[in-house]
$ cat input02.txt   # compact mmCIF, C-alpha atoms
# COMPACT_ATOMS: atom_id res chain seq x y z
CA MET A 1 159.12 98.70 -35.27
CA SER A 2 161.09 95.58 -36.18
CA ARG A 3 161.70 92.64 -33.92
CA ARG A 4 165.23 93.88 -33.28
CA ASP A 5 163.84 97.24 -32.13
CA ASP A 6 161.54 95.55 -29.60
CA PRO A 7 163.58 94.84 -26.45
CA ASP A 8 160.71 92.85 -24.92
CA TYR A 9 160.13 90.56 -27.90
CA ALA A 10 162.41 87.73 -26.76
CA SER A 11 160.93 87.61 -23.27
CA ARG A 12 157.35 87.78 -24.55
CA LYS A 13 158.08 85.05 -27.08
CA ALA A 14 159.61 82.90 -24.33
CA ALA A 15 156.43 83.36 -22.29
CA PHE A 16 154.30 82.12 -25.17
CA ALA A 17 156.63 79.16 -25.64
CA ALA A 18 156.35 78.30 -21.95
CA ALA A 19 152.56 78.48 -22.29
CA GLY A 20 152.67 75.77 -24.98
CA ALA A 21 152.83 77.68 -28.27
CA ARG A 22 153.95 75.43 -31.13
CA SER A 23 157.53 75.78 -32.34
CA ASP A 24 156.51 76.27 -35.97
CA HIS A 25 154.00 78.96 -34.93
CA LEU A 26 156.72 80.83 -33.04
CA LEU A 27 159.00 80.55 -36.06
CA LEU A 28 156.25 81.96 -38.28
CA ALA A 29 155.76 84.82 -35.82
CA ASP A 30 159.47 85.64 -36.13
CA MET A 31 158.95 86.22 -39.85
CA VAL A 32 155.95 88.55 -39.54
CA THR A 33 156.43 92.33 -39.39
CA PRO A 34 154.65 93.96 -36.43
CA GLY A 35 151.22 95.29 -37.36
CA ALA A 36 151.13 93.39 -40.67
CA ARG A 37 147.92 92.43 -42.47
CA VAL A 38 147.75 88.63 -42.33
CA LEU A 39 145.47 86.01 -43.88
CA ASP A 40 145.71 82.56 -42.28
CA VAL A 41 144.30 79.96 -44.67
CA GLY A 42 143.03 76.85 -42.92
CA CYS A 43 143.51 78.57 -39.57
CA GLY A 44 142.13 75.71 -37.44
CA ASP A 45 141.18 76.81 -33.95
CA GLY A 46 142.91 80.16 -34.40
CA SER A 47 146.00 79.42 -32.28
CA LEU A 48 148.39 80.99 -34.79
CA LEU A 49 146.19 84.01 -35.48
CA ALA A 50 145.85 84.67 -31.75
CA LEU A 51 149.62 84.36 -31.32
CA LEU A 52 150.28 86.81 -34.17
CA ARG A 53 147.75 89.24 -32.72
CA ASP A 54 149.12 89.07 -29.18
CA LEU A 55 152.82 88.80 -29.99
CA ARG A 56 153.15 90.85 -33.20
CA GLY A 57 150.09 93.11 -33.15
CA ALA A 58 149.04 91.65 -36.50
CA ASP A 59 145.77 92.58 -38.19
CA GLY A 60 144.71 89.00 -38.83
CA ARG A 61 141.96 87.36 -40.85
CA GLY A 62 141.28 83.65 -41.17
CA VAL A 63 139.60 81.14 -43.46
CA GLU A 64 138.62 77.77 -41.99
CA LEU A 65 136.52 74.94 -43.40
CA ASP A 66 135.45 73.30 -40.14
CA ARG A 67 132.49 75.06 -38.49
CA GLU A 68 133.47 74.00 -34.96
CA ASN A 69 136.92 75.53 -35.43
CA VAL A 70 135.37 78.71 -36.81
CA ASN A 71 133.33 79.00 -33.61
CA LYS A 72 136.48 78.52 -31.51
CA CYS A 73 138.15 81.34 -33.44
CA LEU A 74 135.20 83.67 -32.98
CA ALA A 75 135.22 82.93 -29.24
CA LYS A 76 138.82 84.19 -29.19
CA GLY A 77 137.76 87.45 -30.84
CA LEU A 78 139.31 86.55 -34.20
CA ALA A 79 137.98 87.63 -37.60
CA VAL A 80 137.48 84.24 -39.23
CA ILE A 81 135.02 83.07 -41.88
CA GLN A 82 134.06 79.60 -42.97
CA GLY A 83 135.57 78.86 -46.34
CA ASP A 84 137.47 76.41 -48.51
CA ALA A 85 141.06 77.14 -49.56
CA ASP A 86 140.58 75.23 -52.81
CA ALA A 87 137.49 77.19 -53.83
CA ASP A 88 137.51 80.59 -52.15
CA LEU A 89 140.98 82.08 -52.58
CA ALA A 90 140.14 83.00 -56.17
CA ASP A 91 137.74 85.63 -54.80
CA TYR A 92 140.46 87.61 -53.02
CA PRO A 93 142.00 90.61 -54.86
CA ASP A 94 145.68 90.89 -55.70
CA ASP A 95 148.02 92.14 -52.95
CA ALA A 96 145.25 92.21 -50.34
CA PHE A 97 147.56 91.16 -47.49
CA ASP A 98 151.15 91.56 -46.38
CA TYR A 99 151.37 87.85 -45.52
CA VAL A 100 149.29 84.84 -46.48
CA ILE A 101 149.93 81.79 -44.30
CA LEU A 102 149.24 78.10 -44.89
CA SER A 103 150.30 76.34 -41.69
CA GLN A 104 150.24 72.52 -41.71
CA THR A 105 147.42 72.65 -44.28
CA ILE A 106 148.89 72.33 -47.78
CA GLN A 107 148.80 68.53 -47.59
CA ALA A 108 145.03 68.66 -46.92
CA THR A 109 144.17 70.74 -50.00
CA SER A 110 142.85 69.17 -53.19
CA ARG A 111 144.94 71.35 -55.50
CA PRO A 112 148.08 72.49 -53.64
CA LYS A 113 149.64 74.11 -56.70
CA ASP A 114 146.56 76.26 -57.40
CA VAL A 115 146.28 77.22 -53.72
CA LEU A 116 149.92 78.33 -53.62
CA GLU A 117 149.51 80.32 -56.86
CA HIS A 118 146.58 82.23 -55.38
CA MET A 119 148.48 82.85 -52.14
CA LEU A 120 151.39 84.34 -54.08
CA ARG A 121 148.92 86.58 -55.89
CA ILE A 122 147.00 87.67 -52.78
CA GLY A 123 149.94 88.34 -50.47
CA SER A 124 153.17 90.29 -50.77
CA LYS A 125 154.76 87.36 -48.94
CA VAL A 126 153.68 83.78 -48.36
CA MET A 127 154.51 81.47 -45.47
CA VAL A 128 154.00 77.72 -45.66
CA SER A 129 154.74 75.08 -43.03
CA PHE A 130 154.23 71.34 -43.38
CA GLN A 131 155.24 67.95 -42.04
CA ASN A 132 158.04 66.46 -44.16
CA PHE A 133 157.13 63.03 -45.53
CA GLY A 134 160.80 62.53 -46.44
CA HIS A 135 161.95 62.47 -42.79
CA TRP A 136 164.11 59.49 -41.88
CA ARG A 137 161.59 58.11 -39.37
CA VAL A 138 158.88 58.03 -42.02
CA ARG A 139 161.23 56.29 -44.44
CA LEU A 140 162.29 53.79 -41.78
CA ASP A 141 158.69 52.99 -40.93
CA LEU A 142 157.91 52.32 -44.57
CA VAL A 143 161.02 50.16 -45.00
CA LEU A 144 160.68 48.10 -41.82
CA ARG A 145 156.90 47.78 -41.57
CA GLY A 146 155.86 48.31 -45.17
CA ARG A 147 152.92 50.41 -43.98
CA MET A 148 151.94 54.06 -43.99
CA PRO A 149 153.51 55.65 -40.89
CA VAL A 150 151.49 56.74 -37.87
CA THR A 151 153.55 59.09 -35.72
CA GLU A 152 153.05 61.95 -33.28
CA ASN A 153 153.23 64.43 -36.16
CA LEU A 154 151.36 62.19 -38.63
CA PRO A 155 148.78 60.74 -36.24
CA TYR A 156 146.17 59.43 -38.68
CA SER A 157 145.74 56.01 -40.21
CA TRP A 158 145.78 55.96 -44.01
CA TYR A 159 142.00 55.43 -44.21
CA ASP A 160 140.92 58.37 -42.01
CA THR A 161 143.57 61.00 -42.66
CA PRO A 162 142.59 64.48 -43.88
CA ASN A 163 145.99 64.65 -45.59
CA ILE A 164 145.59 63.81 -49.26
CA HIS A 165 148.83 65.24 -50.67
CA HIS A 166 151.79 64.34 -48.47
CA CYS A 167 154.98 65.99 -49.70
CA THR A 168 158.67 66.15 -48.89
CA ILE A 169 160.85 69.23 -48.55
CA ARG A 170 162.37 68.52 -51.95
CA ASP A 171 158.89 68.20 -53.47
CA PHE A 172 157.94 71.61 -52.11
CA VAL A 173 161.17 73.25 -53.30
CA SER A 174 160.50 71.85 -56.78
CA LEU A 175 156.98 73.27 -56.73
CA CYS A 176 158.33 76.69 -55.74
CA ASP A 177 160.76 76.56 -58.65
CA GLU A 178 157.94 75.60 -61.01
CA LEU A 179 155.83 78.55 -59.86
CA GLY A 180 158.73 80.98 -59.90
CA ALA A 181 158.38 81.64 -56.16
CA ARG A 182 161.52 82.96 -54.52
CA MET A 183 162.56 81.64 -51.12
CA GLU A 184 163.36 84.50 -48.76
CA ARG A 185 163.87 82.18 -45.80
CA ALA A 186 163.59 78.44 -45.20
CA VAL A 187 163.94 76.53 -41.93
CA ALA A 188 163.72 72.80 -41.29
CA LEU A 189 163.08 71.61 -37.73
CA ASP A 190 164.32 68.23 -36.54
CA SER A 191 162.54 65.82 -34.18
CA TRP A 192 163.47 68.01 -31.20
CA ASP A 193 162.25 71.24 -32.87
CA ARG A 194 165.82 72.39 -33.45
CA PRO A 195 166.71 74.07 -36.76
CA VAL A 196 168.64 71.90 -39.20
CA ARG A 197 171.90 73.61 -40.18
CA VAL A 198 171.42 75.98 -43.09
CA SER A 199 174.72 74.92 -44.67
CA LEU A 200 173.49 71.36 -45.25
CA PRO A 201 172.24 70.47 -48.78
CA TRP A 202 168.55 69.93 -49.55
CA TRP A 203 168.84 66.14 -49.41
CA ALA A 204 170.06 66.41 -45.80
CA TRP A 205 167.19 68.77 -44.92
CA ASN A 206 164.84 66.26 -46.53
CA LEU A 207 166.26 63.45 -44.39
CA LEU A 208 166.65 65.25 -41.06
CA GLY A 209 163.83 67.80 -41.08
CA GLN A 210 160.61 66.59 -39.48
CA GLN A 211 158.83 69.77 -40.51
CA ALA A 212 159.66 72.81 -42.62
CA VAL A 213 158.75 76.50 -42.71
CA PHE A 214 159.17 78.60 -45.87
CA LEU A 215 158.89 82.34 -46.43
CA LEU A 216 158.25 83.08 -50.12
CA HIS A 217 157.54 85.97 -52.44
CA ARG A 218 156.85 86.40 -56.13
CA SER A 219 159.74 86.66 -58.54

$ encode --input "input02.txt" --output "structure tokens"
Amino acid sequence: MSRRDDPDYASRKAAFAAAGARSDHLLLADMVTPGARVLDVGCGDGSLLALLRDLRGADGRGVELDRENVNKCLAKGLAVIQGDADADLADYPDDAFDYVILSQTIQATSRPKDVLEHMLRIGSKVMVSFQNFGHWRVRLDLVLRGRMPVTENLPYSWYDTPNIHHCTIRDFVSLCDELGARMERAVALDSWDRPVRVSLPWWAWNLLGQQAVFLLHRS
């Protein structure tokens, strides 16, 4: 059953939003087919996996490096193992999942290109979300203060951040082109979590989008 065939989907989604579900997580949920097999790489405390289970009926699995977060996932009844995206994705067989998700994690991987290549191999479709380092507030902070920005969405100082590969929307689009990944859907969210107009060119997305969500598949 598709989202359009589910008359209760909008109201159930609104209930999750009212309960504090993240905007990018809800957008990712929109892109997932009900009952799909999902692998969430770097799943954190399992918030997205739990949302996909409860809202979409997804058969979810997770990989998370932090042991404390793994325990939080297990307490929610989620099937999550401790693992490293940079090292462990190579062990997964081809086409093992309908969707492989990397939510707000690509910038924390050591080899983002290799991770994305494995995701495209493992899943029929790949979803990636990330904070856009090309957003105008980040640029303004660098210009006016001459220092690495610390914002609500980029809350770490340069010396203690887990993010080792910040990227912009244009950087990510270029990487997709290099890997031959096709964009099925792309959404940029502004500072108020509103979608940036699709008709705008990439440079405008790169300037106005605070975060981005991409749905990809192999060529």

$ closest_atom_pairs --input "input02.txt" --of "stretch 74-190 of chain A" --to "stretch 206-219 of chain A" --cutoff "8 Å" --atoms "all atoms listed in the file" --output "JSON lines"
{"residue": "A:Leu120", "atom": "CA", "partner": "A:Arg218", "partner_atom": "CA", "distance": 6.2}
{"residue": "A:Arg121", "atom": "CA", "partner": "A:Arg218", "partner_atom": "CA", "distance": 7.9}
{"residue": "A:Ser124", "atom": "CA", "partner": "A:His217", "partner_atom": "CA", "distance": 6.4}
{"residue": "A:Lys125", "atom": "CA", "partner": "A:His217", "partner_atom": "CA", "distance": 4.7}
{"residue": "A:Val126", "atom": "CA", "partner": "A:Leu216", "partner_atom": "CA", "distance": 4.9}
{"residue": "A:Met127", "atom": "CA", "partner": "A:Leu215", "partner_atom": "CA", "distance": 4.6}
{"residue": "A:Val128", "atom": "CA", "partner": "A:Phe214", "partner_atom": "CA", "distance": 5.2}
{"residue": "A:Ser129", "atom": "CA", "partner": "A:Val213", "partner_atom": "CA", "distance": 4.3}
{"residue": "A:Phe130", "atom": "CA", "partner": "A:Gln211", "partner_atom": "CA", "distance": 5.6}
{"residue": "A:Gln131", "atom": "CA", "partner": "A:Gln211", "partner_atom": "CA", "distance": 4.3}
{"residue": "A:Asn132", "atom": "CA", "partner": "A:Gln211", "partner_atom": "CA", "distance": 5.0}
{"residue": "A:Phe133", "atom": "CA", "partner": "A:Gln210", "partner_atom": "CA", "distance": 7.8}
{"residue": "A:Gly134", "atom": "CA", "partner": "A:Asn206", "partner_atom": "CA", "distance": 5.5}
{"residue": "A:His135", "atom": "CA", "partner": "A:Leu207", "partner_atom": "CA", "distance": 4.7}
{"residue": "A:Trp136", "atom": "CA", "partner": "A:Leu207", "partner_atom": "CA", "distance": 5.2}
{"residue": "A:Thr168", "atom": "CA", "partner": "A:Asn206", "partner_atom": "CA", "distance": 6.6}
{"residue": "A:Ile169", "atom": "CA", "partner": "A:Asn206", "partner_atom": "CA", "distance": 5.4}
{"residue": "A:Arg170", "atom": "CA", "partner": "A:Asn206", "partner_atom": "CA", "distance": 6.4}
{"residue": "A:Gly180", "atom": "CA", "partner": "A:Ser219", "partner_atom": "CA", "distance": 5.9}
{"residue": "A:Ala181", "atom": "CA", "partner": "A:Arg218", "partner_atom": "CA", "distance": 5.0}
{"residue": "A:Arg182", "atom": "CA", "partner": "A:His217", "partner_atom": "CA", "distance": 5.4}
{"residue": "A:Met183", "atom": "CA", "partner": "A:Leu216", "partner_atom": "CA", "distance": 4.7}
{"residue": "A:Glu184", "atom": "CA", "partner": "A:Leu216", "partner_atom": "CA", "distance": 5.5}
{"residue": "A:Arg185", "atom": "CA", "partner": "A:Leu215", "partner_atom": "CA", "distance": 5.0}
{"residue": "A:Ala186", "atom": "CA", "partner": "A:Phe214", "partner_atom": "CA", "distance": 4.5}
{"residue": "A:Val187", "atom": "CA", "partner": "A:Val213", "partner_atom": "CA", "distance": 5.2}
{"residue": "A:Ala188", "atom": "CA", "partner": "A:Ala212", "partner_atom": "CA", "distance": 4.3}
{"residue": "A:Leu189", "atom": "CA", "partner": "A:Gly209", "partner_atom": "CA", "distance": 5.1}
{"residue": "A:Asp190", "atom": "CA", "partner": "A:Gly209", "partner_atom": "CA", "distance": 4.6}

$ atom_distance --input "input02.txt" --atom1 "atom CA of A:Ser47" --atom2 "atom CA of A:Tyr99"
16.6 Å

$ atom_distance --input "input02.txt" --atom1 "atom CA of A:Gly123" --atom2 "atom CA of A:Tyr92"
9.8 Å

$ closest_residue --input "input02.txt" --among "A:Val63, A:Cys176, A:Ala90, A:Val198" --to "A:Leu102" --atoms "all atoms listed in the file"
A:Val63

$ residues_around --input "input02.txt" --residues "A:His165" --least-positions-apart "2" --cutoff "9 Å" --atoms "all atoms listed in the file" --output "MDAnalysis selection string"
chainID A and resid 106:112 163 167

$ write_last_selection --input "input02.txt" --atoms "C-alpha atoms" --output "CSV table (one decimal), in the coordinates of the input"
chain,number,residue,atom,x,y,z
A,106,ILE,CA,148.9,72.3,-47.8
A,107,GLN,CA,148.8,68.5,-47.6
A,108,ALA,CA,145.0,68.7,-46.9
A,109,THR,CA,144.2,70.7,-50.0
A,110,SER,CA,142.8,69.2,-53.2
A,111,ARG,CA,144.9,71.4,-55.5
A,112,PRO,CA,148.1,72.5,-53.6
A,163,ASN,CA,146.0,64.6,-45.6
A,167,CYS,CA,155.0,66.0,-49.7

$ atom_distance --input "input02.txt" --atom1 "atom CA of A:Ala96" --atom2 "atom CA of A:Met119"
10.1 Å

$ residues_around --input "input02.txt" --residues "A:Asp30" --least-positions-apart "4" --cutoff "12 Å" --atoms "all atoms listed in the file" --output "PyMOL selection string"
chain A and resi 2-4+9-10+12-13+23-26+34+51-52+55-56+127+185+187+213+215

$ residues_near_point --input "input02.txt" --point "(149.4, 85.1, -42.9)" --cutoff "10 Å" --atoms "all atoms listed in the file" --output "ChimeraX atom specification"
/A:28-29,32,36-41,43,48-49,52,58-62,97-103,119,123,125-128

$ closest_atom_pairs --input "input02.txt" --of "stretch 37-57 of chain A" --to "stretch 71-85 of chain A" --cutoff "8 Å" --atoms "only C-alpha atoms" --output "CSV"
residue,atom,partner,partner_atom,distance
A:Val41,CA,A:Ala85,CA,6.5
A:Gly42,CA,A:Ala85,CA,6.9
A:Gly44,CA,A:Cys73,CA,8.0
A:Asp45,CA,A:Cys73,CA,5.5
A:Gly46,CA,A:Cys73,CA,5.0
A:Leu49,CA,A:Leu78,CA,7.4
A:Ala50,CA,A:Leu78,CA,7.2

$ closest_residue --input "input02.txt" --among "A:Asp91, A:Asp8, A:Glu68, A:Asp177" --to "A:Lys113" --atoms "all atoms listed in the file"
A:Asp177
